[in-house]
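Notes for the one structure printed next.
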Amino acid sequence: MVLGARGDTAGAEAVEIARLGGLWRVTRPWHPGLRPYLRSYAGYWEAVATPYEARLVPTGRATLLISLAEPFSQVRRLGVRGGGSGSIGSLVVGLEDRPAICTHPGGQEAIRVEFTPLGAYRLFGMPMGELTNLAVEIRDVLGAEAGVLVERMAATPDWAARFDLLDAALLARLDYGPRPTPEVGQAWQLLSGSAGVIPIARIAAEVGWSQGYLIRRFTQQIGLTPKASARVLRFRHAVALLGRGTTSLTEISTACGFYDQAHLNREFRAIAGTTPGQMVASRRVEGAVALSGSANSSKTATAAGR
């Protein structure tokens, strides 16, 4: 179904709206100027407003969420002292290596954008280590003008116009955002390309830096240390293999660089707060795991990319 606002055709600026479980999800082709920095970009609203609670698991991506209606009651990071946000609407989330619990009163409508780590570094324009495992109010990252942007987007019901406003704001930030260091970019490509298996010492040798210097610069621009990033990448690889449903846990452990199945289980508990078996059995949509009978994981369908 191709629509502009809810129910209106949109011509050249057409967007596509589809029903996914408890959500209406809105997409259109990404702006060419933003494609190198993005991994996911979609709007959504609830088909029926229902309170929910869900666990969000690390994705290896940074996130910008523009809230156009009701805010979250709380986003609480597990294992982080003072990791609860309280009520929060539009927010920025850096890279994560542990799960979070999000609760919402219902009536959610939002646009969620997921960035590559170095895309986030350029667009957010700050050391990414300052956002690690945190959900931060959008104004504290992008400035007061971000609040004005959110108000303008909420004031129009037309999704194409909303995407246009957000695209223009993001493209403008590219003009003055910091450029990632080439060596950090190479290090991330090596690490992500191996799904977290390549040794950090080898990466340092490849980019021509000492391990200590690599760790400092990598953490500044990515948000996690190389070691923590590797853990998340191995976890995401295991989740992808689990989703295919054709591989045993022993084979997954070997393929993803875990010592054994016990190591795989420990990492799932540390990173996702669950086990591989529970992850498979749970209701999930793109990384969101329902926590109770009242939770509807499809309402966080854009919360974590696979």
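Following the order of the structure tokens, chains are lettered A, B, ..., residues in each are numbered from 1, and ligands are numbered from 1.
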Next item on the list: Pull the alpha helix (DSSP H) assignments for range 39-149 of chain A out of DSSP run on the backbone, and list those residues as a ChimeraX atom specification.
Entry: /A:117-124,138-142,144-149
Restrict the calculation to only C-alpha atoms, then for each residue of range 65-105 of chain A with any atom at most 9 Å from an atom of range 145-160 of chain A give the closest atom pair and their distance in Å to one decimal, rows by chain and rising residue number, as JSON lines.
```
{"residue": "A:Ile66", "atom": "CA", "partner": "A:Val150", "partner_atom": "CA", "distance": 6.6}
{"residue": "A:Ser67", "atom": "CA", "partner": "A:Val150", "partner_atom": "CA", "distance": 7.4}
{"residue": "A:Leu68", "atom": "CA", "partner": "A:Ala154", "partner_atom": "CA", "distance": 4.9}
{"residue": "A:Ala69", "atom": "CA", "partner": "A:Ala154", "partner_atom": "CA", "distance": 7.4}
{"residue": "A:Ser90", "atom": "CA", "partner": "A:Val150", "partner_atom": "CA", "distance": 7.7}
```
Saved selection, atoms kept: N, CA and C atoms, as a PDB file, in the first residue's frame:
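Written file, selection.pdb:
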```
ATOM      1  N   ILE A  66      12.327   9.809  17.241  1.00  0.00           N
ATOM      2  CA  ILE A  66      11.524  11.024  17.273  1.00  0.00           C
ATOM      3  C   ILE A  66      10.116  10.642  17.720  1.00  0.00           C
ATOM      4  N   SER A  67       9.741  11.036  18.917  1.00  0.00           N
ATOM      5  CA  SER A  67       8.415  10.705  19.446  1.00  0.00           C
ATOM      6  C   SER A  67       7.416  11.771  19.013  1.00  0.00           C
ATOM      7  N   LEU A  68       6.344  11.321  18.367  1.00  0.00           N
ATOM      8  CA  LEU A  68       5.331  12.226  17.833  1.00  0.00           C
ATOM      9  C   LEU A  68       4.035  12.184  18.629  1.00  0.00           C
ATOM     10  N   ALA A  69       4.001  11.401  19.694  1.00  0.00           N
ATOM     11  CA  ALA A  69       2.798  11.294  20.525  1.00  0.00           C
ATOM     12  C   ALA A  69       3.223  11.024  21.964  1.00  0.00           C
ATOM     13  N   SER A  90      11.364  11.996  22.733  1.00  0.00           N
ATOM     14  CA  SER A  90      12.375  11.865  21.676  1.00  0.00           C
ATOM     15  C   SER A  90      13.742  11.682  22.322  1.00  0.00           C
TER      16      SER A  90
END
```
Note to self: With distances taken over only C-alpha atoms, which residue among A:Gly245, A:Pro29, A:Pro99, A:Gly119 lies nearest Arg269 in chain A?
What the structure shows: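 When distances to Arg269 in chain A are compared using only C-alpha atoms, the smallest one comes from A:Pro99.
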Next item on the list: Just the residues within 8 Å of Arg25 in chain A, please, counting only C-alpha atoms, with nothing from its chain fewer than 4 positions along; format it as a PyMOL selection string.
Entry: chain A and resi 17-20+42-45
Mind dumping the selected residues with all heavy atoms as a PDB file, in the first residue's frame?
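Ended up saving to out-v2.pdb:
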```pdb
ATOM      1  N   ILE A  17       2.995   2.196   3.516  1.00  0.00           N
ATOM      2  CA  ILE A  17       2.469   1.905   4.846  1.00  0.00           C
ATOM      3  C   ILE A  17       1.958   0.470   4.862  1.00  0.00           C
ATOM      4  O   ILE A  17       1.212   0.055   3.971  1.00  0.00           O
ATOM      5  CB  ILE A  17       1.333   2.871   5.233  1.00  0.00           C
ATOM      6  CG1 ILE A  17       1.849   4.311   5.224  1.00  0.00           C
ATOM      7  CG2 ILE A  17       0.762   2.508   6.597  1.00  0.00           C
ATOM      8  CD1 ILE A  17       0.802   5.342   5.580  1.00  0.00           C
ATOM      9  N   ALA A  18       2.392  -0.289   5.853  1.00  0.00           N
ATOM     10  CA  ALA A  18       2.001  -1.692   5.958  1.00  0.00           C
ATOM     11  C   ALA A  18       1.684  -2.032   7.407  1.00  0.00           C
ATOM     12  O   ALA A  18       2.293  -1.486   8.338  1.00  0.00           O
ATOM     13  CB  ALA A  18       3.115  -2.597   5.443  1.00  0.00           C
ATOM     14  N   ARG A  19       0.751  -2.945   7.601  1.00  0.00           N
ATOM     15  CA  ARG A  19       0.396  -3.415   8.943  1.00  0.00           C
ATOM     16  C   ARG A  19       1.342  -4.546   9.332  1.00  0.00           C
ATOM     17  O   ARG A  19       1.493  -5.527   8.609  1.00  0.00           O
ATOM     18  CB  ARG A  19      -1.062  -3.916   8.955  1.00  0.00           C
ATOM     19  CG  ARG A  19      -1.538  -4.490  10.282  1.00  0.00           C
ATOM     20  CD  ARG A  19      -1.774  -3.415  11.322  1.00  0.00           C
ATOM     21  NE  ARG A  19      -2.315  -3.978  12.553  1.00  0.00           N
ATOM     22  CZ  ARG A  19      -3.627  -4.032  12.855  1.00  0.00           C
ATOM     23  NH1 ARG A  19      -4.519  -3.555  11.993  1.00  0.00           N
ATOM     24  NH2 ARG A  19      -4.036  -4.528  13.998  1.00  0.00           N
ATOM     25  N   LEU A  20       2.017  -4.407  10.476  1.00  0.00           N
ATOM     26  CA  LEU A  20       2.889  -5.440  11.019  1.00  0.00           C
ATOM     27  C   LEU A  20       2.480  -5.699  12.458  1.00  0.00           C
ATOM     28  O   LEU A  20       2.860  -4.946  13.364  1.00  0.00           O
ATOM     29  CB  LEU A  20       4.368  -5.013  10.961  1.00  0.00           C
ATOM     30  CG  LEU A  20       5.003  -4.870   9.587  1.00  0.00           C
ATOM     31  CD1 LEU A  20       6.431  -4.359   9.721  1.00  0.00           C
ATOM     32  CD2 LEU A  20       4.996  -6.204   8.855  1.00  0.00           C
ATOM     33  N   ALA A  42      12.350   4.223   9.738  1.00  0.00           N
ATOM     34  CA  ALA A  42      10.924   3.929   9.578  1.00  0.00           C
ATOM     35  C   ALA A  42      10.103   4.705  10.592  1.00  0.00           C
ATOM     36  O   ALA A  42      10.560   5.005  11.698  1.00  0.00           O
ATOM     37  CB  ALA A  42      10.661   2.431   9.751  1.00  0.00           C
ATOM     38  N   GLY A  43       8.889   5.028  10.198  1.00  0.00           N
ATOM     39  CA  GLY A  43       7.909   5.587  11.121  1.00  0.00           C
ATOM     40  C   GLY A  43       6.906   4.515  11.486  1.00  0.00           C
ATOM     41  O   GLY A  43       6.789   3.490  10.805  1.00  0.00           O
ATOM     42  N   TYR A  44       6.181   4.735  12.568  1.00  0.00           N
ATOM     43  CA  TYR A  44       5.179   3.756  12.965  1.00  0.00           C
ATOM     44  C   TYR A  44       4.188   4.374  13.939  1.00  0.00           C
ATOM     45  O   TYR A  44       4.469   5.390  14.580  1.00  0.00           O
ATOM     46  CB  TYR A  44       5.826   2.520  13.593  1.00  0.00           C
ATOM     47  CG  TYR A  44       6.665   2.794  14.828  1.00  0.00           C
ATOM     48  CD1 TYR A  44       6.108   2.701  16.102  1.00  0.00           C
ATOM     49  CD2 TYR A  44       8.008   3.129  14.715  1.00  0.00           C
ATOM     50  CE1 TYR A  44       6.873   2.959  17.229  1.00  0.00           C
ATOM     51  CE2 TYR A  44       8.777   3.380  15.834  1.00  0.00           C
ATOM     52  CZ  TYR A  44       8.208   3.289  17.094  1.00  0.00           C
ATOM     53  OH  TYR A  44       8.953   3.549  18.206  1.00  0.00           O
ATOM     54  N   TRP A  45       3.009   3.777  14.001  1.00  0.00           N
ATOM     55  CA  TRP A  45       2.059   4.111  15.059  1.00  0.00           C
ATOM     56  C   TRP A  45       1.272   2.864  15.404  1.00  0.00           C
ATOM     57  O   TRP A  45       1.173   1.925  14.608  1.00  0.00           O
ATOM     58  CB  TRP A  45       1.148   5.274  14.655  1.00  0.00           C
ATOM     59  CG  TRP A  45       0.032   4.953  13.701  1.00  0.00           C
ATOM     60  CD1 TRP A  45      -1.225   4.559  14.003  1.00  0.00           C
ATOM     61  CD2 TRP A  45       0.067   5.035  12.260  1.00  0.00           C
ATOM     62  NE1 TRP A  45      -1.978   4.386  12.866  1.00  0.00           N
ATOM     63  CE2 TRP A  45      -1.213   4.669  11.794  1.00  0.00           C
ATOM     64  CE3 TRP A  45       1.068   5.380  11.331  1.00  0.00           C
ATOM     65  CZ2 TRP A  45      -1.520   4.637  10.435  1.00  0.00           C
ATOM     66  CZ3 TRP A  45       0.751   5.348   9.991  1.00  0.00           C
ATOM     67  CH2 TRP A  45      -0.526   4.982   9.548  1.00  0.00           C
TER      68      TRP A  45
END
```
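Residues of range 58-171 of chain A assigned to strand (DSSP E) by DSSP on this structure's backbone: Ala62, Thr63, Leu64, Leu65, Ile66, Ser67, Gln74, Val75, Arg76, Arg77, Leu91, Val92, Val93, Ala100, Ile101, Cys102, Thr103, His104, Glu109, Ala110, Ile111, Arg112, Val113, Glu114, Phe115, Ala135, Val136 and Glu137 of chain A.
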Notebook entry, point to check: Hey, what's within 8 Å of range 122-139 of chain A if we count only C-alpha atoms and toss same-chain stuff fewer than 3 positions away? As a PyMOL selection string, please?
Noted result: chain A and resi 64+75+77+80+83+85+88-98+118-119+142-147+170+173-174+177-180+219-224
Note to self: Give me the residues near Gln211 in chain A as a count of residues only, where near means some atom within 8 Å (using only C-alpha atoms) and where sequence neighbours in that chain fewer than 6 positions away do not count.
What the structure shows: 3
Notebook entry, point to check: Of the residues A:Thr247, A:Tyr52, A:His31, A:Arg231, which is the one nearest to Leu264 in chain A, using only C-alpha atoms?
Noted result: A:Arg231
Item checked: All residues 8 Å or closer to Phe235 in chain A, only C-alpha atoms, same chain fewer than 2 positions away omitted, as a list in words ->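 The neighbour list is Arg231, Val232, Leu233, His237, Ala238, Val239, Cys256, Glu267, Phe268 and Ile271 of chain A.
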Within 9 Å of Asn265 in chain A, counting only C-alpha atoms, which residues qualify if same-chain residues fewer than 6 places away don't, as a compact mmCIF listing (two decimals) with all heavy atoms, in the first residue's frame?
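Generated output (out.txt):
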```txt
# COMPACT_ATOMS: atom_id res chain seq x y z
N THR A 274 18.79 -13.04 28.73
CA THR A 274 17.98 -14.21 28.44
C THR A 274 18.90 -15.31 27.91
O THR A 274 20.11 -15.12 27.81
CB THR A 274 16.89 -13.87 27.41
OG1 THR A 274 16.00 -14.97 27.26
CG2 THR A 274 17.49 -13.53 26.04
N THR A 275 18.35 -16.46 27.59
CA THR A 275 19.12 -17.57 27.03
C THR A 275 18.79 -17.73 25.55
O THR A 275 17.76 -17.23 25.08
CB THR A 275 18.79 -18.89 27.76
OG1 THR A 275 17.43 -19.24 27.48
CG2 THR A 275 18.98 -18.74 29.27
N PRO A 276 19.62 -18.44 24.80
CA PRO A 276 19.28 -18.68 23.40
C PRO A 276 17.91 -19.34 23.24
O PRO A 276 17.14 -18.96 22.36
CB PRO A 276 20.42 -19.58 22.91
CG PRO A 276 21.57 -19.23 23.78
CD PRO A 276 20.97 -18.94 25.12
```
